[in-house]
Each structure stands twice: as structure tokens, then as C-alpha cells.
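Below is one structure; the comments refer to it alone.
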Amino acid sequence: MTGWHLSLRQAPALRINLRGITPAALAGLSLEQIERLPVGHGNTRLALAELFDIGPGEEGVLHLEGNLERFDRIGWQMDGGRIRIAGHAGHYAGGCMRAGELHIEGRAGLLAACEMAGGRLTVEGDVGDFAASTLPGSMDGMRGGTFVVRGNAGERFGDRMRRGTALVHGDAGAFLGSRMVAGTIAVGGRVGVHAGHGMRRGSVVFAGPGAALPTGVETMPTFVANRAATPVFWALLARDLARHGGAFGELPARRIERYLGDLAADGKGELIFMHP
């Protein structure tokens, strides 16, 4: 598969919708055909070449370079190949992706990895609110794959998450894992109040030394301590998370404390804290 390098000429006046600009969509096209591809610019359409200088790149990689904060839906519904962004990304980055790899060297806007079903999305910087969550009006959030945030995450990270693994190396805002159905969320930094609010199943792992909730788990009456031994489960989960390094690297050697809930939603999920 031919690779392409797109270098931003200048920031657009309005937001750009890059839906459909994926490695699979560009495969087999000539340079002239790619330059003419239409993308949304507000209520109008622009040719891709009006925004980017386009040339050949690394085999199998779609490389976007520049500050793309106004460029939304990068990697939307991608089902293979690799996209690498040397800069920031706009909203919905990696939304509904099914396979492949999207790597963002900067930060991403709202709803990153929303309804992601497969593949791997890595954001080296921060992500905005509702990452790994649902599209407006939908019922299911992240549905599979691996989502890694090296920086901090905003509010409602993993809202209605159903499957997959989502990791935040930094801090996360309030309502982390809210209404969670299944899957695994792990956080290395601090977390806002109301983590796990309304969750039904799934695991939220507080991995770092500063990851405890600011108010303390004793103020969460809808979660109850569980003393049942789970050595096999924790050994497998900790080993999987440890591959991502950082605060997660030492998890296999740590002892844990589990709290089950949210009982107010008849939930059977769990909040996992590291034993002091």
C-alpha cells in the first residue's frame, strides 16, 4: 500500500471534516486523484490540495503534518492501515474506527475514540471531554480496541464504554467510567469525583500513587468493599496493563483493594485501588 505525506499549508477559516480520508480510501489512487478529493469546510467543499501539500511518504502510512485542531473525524471509521499526525487533532479523532493504527503526537479534541470498535489509538497529549464515549444520542461507547492517552483526559472519559481497554497516563476528570457496561479503564494520575457513577460492569483501575479519589472511597456509599481473593484475574489484567509502562509497569507486583458497584444502578462493576 502506497504511503502519502500531507503537510498543512495554513489553518482553514472553518472546521474541516476529514471523514473518508483513510489509508484504505487512498489506496490505488494517483496523486492527481488524491489532490481532487473533496472534504467538508463548513457548509462547502474544498479539494484536499487546497489545504495540504501532498506527496509520497512512508509505505503504508498516511502522515499528516501541522496543527490540525480544526480538522475533525481524522481516522473516522478506518478499518486498516496507519495514520500518523505530527501535531494536534480536532474532534472525533479515531471515532468508530474498526482496525488499524492512529497515532497523534499532540492533543485531541472532544469525543476521541467515540464508539471505537477495534485497532489502536494513541494520543501523546491530552484529550477532551467524552473520549472513549458515545456519539450524541447513542447508547454504546467504546466497543473494542486499545486507546492510550499519554496526557490528561477531560470529563466523562469512557461513558457507556462496552468493550476494549482505555488507559490514561495522566489525570482524568469527573465521571470517569460513568454508565460503563464492560471493558477496562486504567488511570495513572488523579481522578475527579463521581468515578464509576452508574457503572454496571467493567473494571476501573487506579494505578498511580496519586490516583485515589479526592474525597476518598469511604464517601462512596454505592460501592462496597470486596475482600474476595482474585489472584488469577488480577495477574492477567495487571500483566496486560503493565505492557503500557509508566504507572502501569509495576502493577503485577502490587496488591489491590476492590470496591464493587455501582449498587445504585444494580451494577456489578469494580473500582480497583492499589493497596498502600
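Labeling convention for the C-alpha cells: chains A, B, ... as they appear, residues from 1 per chain, ligands from 1 in order of appearance.
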Near Gly145 (chain A), counting only C-alpha atoms, which residues have an atom at most 7 Å away, once you skip same-chain residues fewer than 5 positions from it, shown as a list of chain:residue names?
A:Met116, A:Ala117, A:Gly118, A:Gly119, A:Arg120, A:Gly164, A:Thr165
So which residues of region 39-125 of chain A fall under strand (DSSP E) by DSSP, listed as a compact mmCIF listing (two decimals) with C-alpha atoms, in the first residue's frame?
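In the end it all went to result.txt:
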# COMPACT_ATOMS: atom_id res chain seq x y z
CA VAL A 39 -13.54 17.48 2.17
CA GLY A 40 -16.09 19.44 4.15
CA HIS A 41 -15.30 23.06 5.01
CA THR A 44 -18.98 23.92 1.42
CA ARG A 45 -16.42 21.52 -0.02
CA LEU A 46 -12.75 22.03 -0.75
CA ALA A 47 -10.29 19.92 -2.69
CA PHE A 52 -2.30 20.33 2.04
CA ASP A 53 0.88 19.91 0.06
CA ILE A 54 0.65 16.23 -0.90
CA GLY A 55 3.48 13.90 -1.78
CA PRO A 56 4.66 10.31 -1.40
CA GLY A 57 5.52 9.08 2.08
CA VAL A 61 1.34 5.24 6.27
CA LEU A 62 -0.84 8.31 5.85
CA HIS A 63 1.22 11.05 7.50
CA LEU A 64 -0.49 14.35 8.35
CA GLU A 65 1.72 17.23 9.45
CA PHE A 71 -9.67 19.09 11.42
CA ASP A 72 -12.36 16.71 12.71
CA ASP A 79 -10.53 -0.27 9.04
CA GLY A 80 -6.83 -0.77 8.45
CA GLY A 81 -3.51 0.86 7.72
CA ARG A 82 -1.73 3.54 9.73
CA ILE A 83 -2.30 7.26 10.21
CA ARG A 84 0.29 9.39 11.97
CA ILE A 85 -0.37 13.02 12.91
CA ALA A 86 2.63 15.25 13.61
CA ALA A 99 -8.93 -1.65 12.77
CA GLY A 100 -5.56 -0.12 12.04
CA GLU A 101 -3.43 2.35 13.99
CA LEU A 102 -3.88 6.07 14.58
CA HIS A 103 -1.08 7.91 16.37
CA ILE A 104 -1.46 11.57 17.35
CA ARG A 120 -5.20 1.14 18.36
CA LEU A 121 -5.40 4.88 19.01
CA THR A 122 -2.56 6.64 20.82
CA VAL A 123 -2.65 10.31 21.82
Selection: 10 Å around Thr230 (chain A), only C-alpha atoms, excl. self and same-chain fewer than 3 positions, as a list in words
Arg227, Phe233, Trp234, Ala235, Ile256 and Arg258 of chain A
Can you list, as a PyMOL selection string, every protein, DNA or RNA residue that comes within 6 Å of region 124-138 of chain A when you count only C-alpha atoms, leaving out same-chain residues fewer than 5 positions away?
chain A and resi 105-115+150-159
Exercise: Ala49 (chain A) partners within 12 Å, only C-alpha atoms, chain neighbours under 4 positions left out, as number ranges by chain
A: 5-10, 31-39, 45, 53-55
Residue subset to file, keeping all heavy atoms, as a compact mmCIF listing (two decimals), in the first residue's frame:
# COMPACT_ATOMS: atom_id res chain seq x y z
N HIS A 5 2.21 11.67 2.29
CA HIS A 5 2.55 12.70 3.28
C HIS A 5 1.78 13.97 2.94
O HIS A 5 1.92 14.51 1.84
CB HIS A 5 4.05 12.97 3.26
CG HIS A 5 4.51 13.86 4.37
ND1 HIS A 5 4.35 15.24 4.35
CD2 HIS A 5 5.13 13.58 5.54
CE1 HIS A 5 4.86 15.76 5.45
NE2 HIS A 5 5.34 14.78 6.20
N LEU A 6 0.95 14.43 3.89
CA LEU A 6 0.15 15.64 3.71
C LEU A 6 0.63 16.70 4.69
O LEU A 6 0.55 16.50 5.91
CB LEU A 6 -1.34 15.36 3.93
CG LEU A 6 -2.14 14.73 2.80
CD1 LEU A 6 -1.62 13.33 2.47
CD2 LEU A 6 -3.62 14.65 3.16
N SER A 7 1.13 17.79 4.18
CA SER A 7 1.64 18.87 5.01
C SER A 7 0.69 20.07 4.91
O SER A 7 0.43 20.58 3.82
CB SER A 7 3.05 19.27 4.57
OG SER A 7 3.56 20.31 5.37
N LEU A 8 0.19 20.53 6.06
CA LEU A 8 -0.79 21.61 6.09
C LEU A 8 -0.18 22.91 5.59
O LEU A 8 0.90 23.31 6.02
CB LEU A 8 -1.31 21.79 7.52
CG LEU A 8 -2.39 22.86 7.73
CD1 LEU A 8 -3.67 22.50 7.01
CD2 LEU A 8 -2.66 23.04 9.22
N ARG A 9 -0.92 23.58 4.70
CA ARG A 9 -0.44 24.86 4.18
C ARG A 9 -0.69 25.99 5.16
O ARG A 9 0.20 26.76 5.49
CB ARG A 9 -1.12 25.15 2.84
CG ARG A 9 -0.67 24.25 1.71
CD ARG A 9 -1.38 24.60 0.42
NE ARG A 9 -0.82 23.89 -0.71
CZ ARG A 9 -1.28 24.02 -1.96
NH1 ARG A 9 -2.31 24.83 -2.21
NH2 ARG A 9 -0.72 23.35 -2.93
N GLN A 10 -1.96 26.13 5.59
CA GLN A 10 -2.32 27.15 6.57
C GLN A 10 -3.63 26.73 7.23
O GLN A 10 -4.39 25.94 6.68
CB GLN A 10 -2.47 28.52 5.93
CG GLN A 10 -3.55 28.59 4.86
CD GLN A 10 -3.62 29.97 4.22
OE1 GLN A 10 -2.86 30.87 4.56
NE2 GLN A 10 -4.54 30.15 3.30
N LEU A 31 -1.76 10.58 -7.51
CA LEU A 31 -1.59 11.85 -6.82
C LEU A 31 -2.66 12.85 -7.25
O LEU A 31 -3.24 13.56 -6.42
CB LEU A 31 -0.19 12.41 -7.09
CG LEU A 31 0.09 13.82 -6.53
CD1 LEU A 31 -0.07 13.84 -5.02
CD2 LEU A 31 1.49 14.28 -6.93
N GLU A 32 -2.94 12.91 -8.54
CA GLU A 32 -3.92 13.85 -9.05
C GLU A 32 -5.31 13.56 -8.49
O GLU A 32 -6.08 14.47 -8.15
CB GLU A 32 -3.95 13.81 -10.58
CG GLU A 32 -2.71 14.37 -11.25
CD GLU A 32 -1.51 13.43 -11.14
OE1 GLU A 32 -1.72 12.22 -10.86
OE2 GLU A 32 -0.37 13.91 -11.31
N GLN A 33 -5.66 12.27 -8.38
CA GLN A 33 -6.96 11.91 -7.83
C GLN A 33 -7.06 12.28 -6.35
O GLN A 33 -8.11 12.76 -5.89
CB GLN A 33 -7.19 10.41 -8.01
CG GLN A 33 -7.44 9.98 -9.44
CD GLN A 33 -7.49 8.48 -9.59
OE1 GLN A 33 -6.66 7.75 -9.03
NE2 GLN A 33 -8.47 7.99 -10.35
N ILE A 34 -5.99 12.08 -5.59
CA ILE A 34 -5.99 12.42 -4.17
C ILE A 34 -6.11 13.93 -3.98
O ILE A 34 -6.83 14.42 -3.12
CB ILE A 34 -4.73 11.88 -3.49
CG1 ILE A 34 -4.77 10.34 -3.47
CG2 ILE A 34 -4.60 12.41 -2.06
CD1 ILE A 34 -3.50 9.70 -2.97
N GLU A 35 -5.41 14.68 -4.80
CA GLU A 35 -5.47 16.14 -4.69
C GLU A 35 -6.88 16.68 -4.91
O GLU A 35 -7.26 17.70 -4.35
CB GLU A 35 -4.51 16.77 -5.70
CG GLU A 35 -3.04 16.59 -5.35
CD GLU A 35 -2.12 17.16 -6.40
OE1 GLU A 35 -2.53 17.24 -7.58
OE2 GLU A 35 -0.98 17.54 -6.06
N ARG A 36 -7.68 15.98 -5.70
CA ARG A 36 -9.03 16.44 -6.01
C ARG A 36 -10.08 15.94 -5.02
O ARG A 36 -11.26 16.32 -5.12
CB ARG A 36 -9.43 16.01 -7.42
CG ARG A 36 -8.64 16.68 -8.53
CD ARG A 36 -9.34 16.51 -9.87
NE ARG A 36 -9.47 15.10 -10.23
CZ ARG A 36 -8.58 14.43 -10.95
NH1 ARG A 36 -7.49 15.03 -11.40
NH2 ARG A 36 -8.78 13.16 -11.25
N LEU A 37 -9.72 15.10 -4.07
CA LEU A 37 -10.70 14.55 -3.14
C LEU A 37 -11.38 15.68 -2.36
O LEU A 37 -10.71 16.56 -1.81
CB LEU A 37 -10.03 13.59 -2.15
CG LEU A 37 -9.61 12.23 -2.72
CD1 LEU A 37 -8.84 11.44 -1.67
CD2 LEU A 37 -10.83 11.43 -3.19
N PRO A 38 -12.71 15.66 -2.28
CA PRO A 38 -13.42 16.74 -1.57
C PRO A 38 -13.50 16.49 -0.07
O PRO A 38 -13.69 15.36 0.38
CB PRO A 38 -14.81 16.70 -2.21
CG PRO A 38 -15.00 15.26 -2.57
CD PRO A 38 -13.64 14.74 -2.96
N VAL A 39 -13.36 17.55 0.72
CA VAL A 39 -13.54 17.48 2.17
C VAL A 39 -14.44 18.63 2.60
O VAL A 39 -14.49 19.68 1.95
CB VAL A 39 -12.19 17.55 2.92
CG1 VAL A 39 -11.33 16.33 2.62
CG2 VAL A 39 -11.44 18.82 2.57
N ARG A 45 -17.41 22.57 0.19
CA ARG A 45 -16.42 21.52 -0.02
C ARG A 45 -15.16 22.14 -0.62
O ARG A 45 -15.22 23.08 -1.44
CB ARG A 45 -16.95 20.45 -0.97
CG ARG A 45 -18.33 19.91 -0.61
CD ARG A 45 -18.26 18.89 0.49
NE ARG A 45 -17.95 17.58 -0.03
CZ ARG A 45 -17.84 16.49 0.74
NH1 ARG A 45 -18.00 16.60 2.06
NH2 ARG A 45 -17.56 15.32 0.23
N ASP A 53 -0.10 20.33 1.07
CA ASP A 53 0.88 19.91 0.06
C ASP A 53 0.98 18.40 0.17
O ASP A 53 1.24 17.85 1.26
CB ASP A 53 2.24 20.56 0.33
CG ASP A 53 2.21 22.06 0.09
OD1 ASP A 53 1.58 22.49 -0.90
OD2 ASP A 53 2.81 22.80 0.90
N ILE A 54 0.78 17.69 -0.92
CA ILE A 54 0.65 16.23 -0.90
C ILE A 54 1.79 15.62 -1.69
O ILE A 54 2.10 16.03 -2.82
CB ILE A 54 -0.70 15.79 -1.49
CG1 ILE A 54 -1.84 16.49 -0.75
CG2 ILE A 54 -0.86 14.28 -1.41
CD1 ILE A 54 -3.20 16.26 -1.37
N GLY A 55 2.42 14.61 -1.10
CA GLY A 55 3.48 13.90 -1.78
C GLY A 55 3.61 12.50 -1.25
O GLY A 55 2.94 12.10 -0.29
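Nearest residue to Ala225 (chain A) among A:Leu251, A:Gly188, A:Gly269, A:Ala238 is A:Gly269, counting only C-alpha atoms.
Within region 236-269 of chain A, DSSP run on the backbone puts these residues in alpha helix (DSSP H): Leu236, Leu237, Ala238, Arg239, Asp240, Leu241 and Ala242 of chain A.
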Keeping only C-alpha atoms, write the selected residues as a short mmCIF file (atom, residue, chain, number, x, y, z; two decimals), in the first residue's frame.
data_model
loop_
_atom_site.label_atom_id
_atom_site.label_comp_id
_atom_site.auth_asym_id
_atom_site.auth_seq_id
_atom_site.Cartn_x
_atom_site.Cartn_y
_atom_site.Cartn_z
CA LEU A 236 -3.80 -11.48 33.96
CA LEU A 237 -5.17 -7.93 34.00
CA ALA A 238 -2.06 -6.44 35.63
CA ARG A 239 0.23 -8.16 33.13
CA ASP A 240 -1.79 -6.80 30.22
CA LEU A 241 -1.76 -3.23 31.58
CA ALA A 242 1.94 -3.39 32.50
#
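Take CA of Ala174 (chain A) and CA of Gly196 (chain A): the distance between them is 9.4 Å.
Here CA of Gly267 (chain A) is placed at a distance of 26.6 Å from CA of Val149 (chain A).
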Quick one: pull the distance between CA of Thr222 (chain A) and CA of Ala207 (chain A), Å, one decimal.
21.4 Å
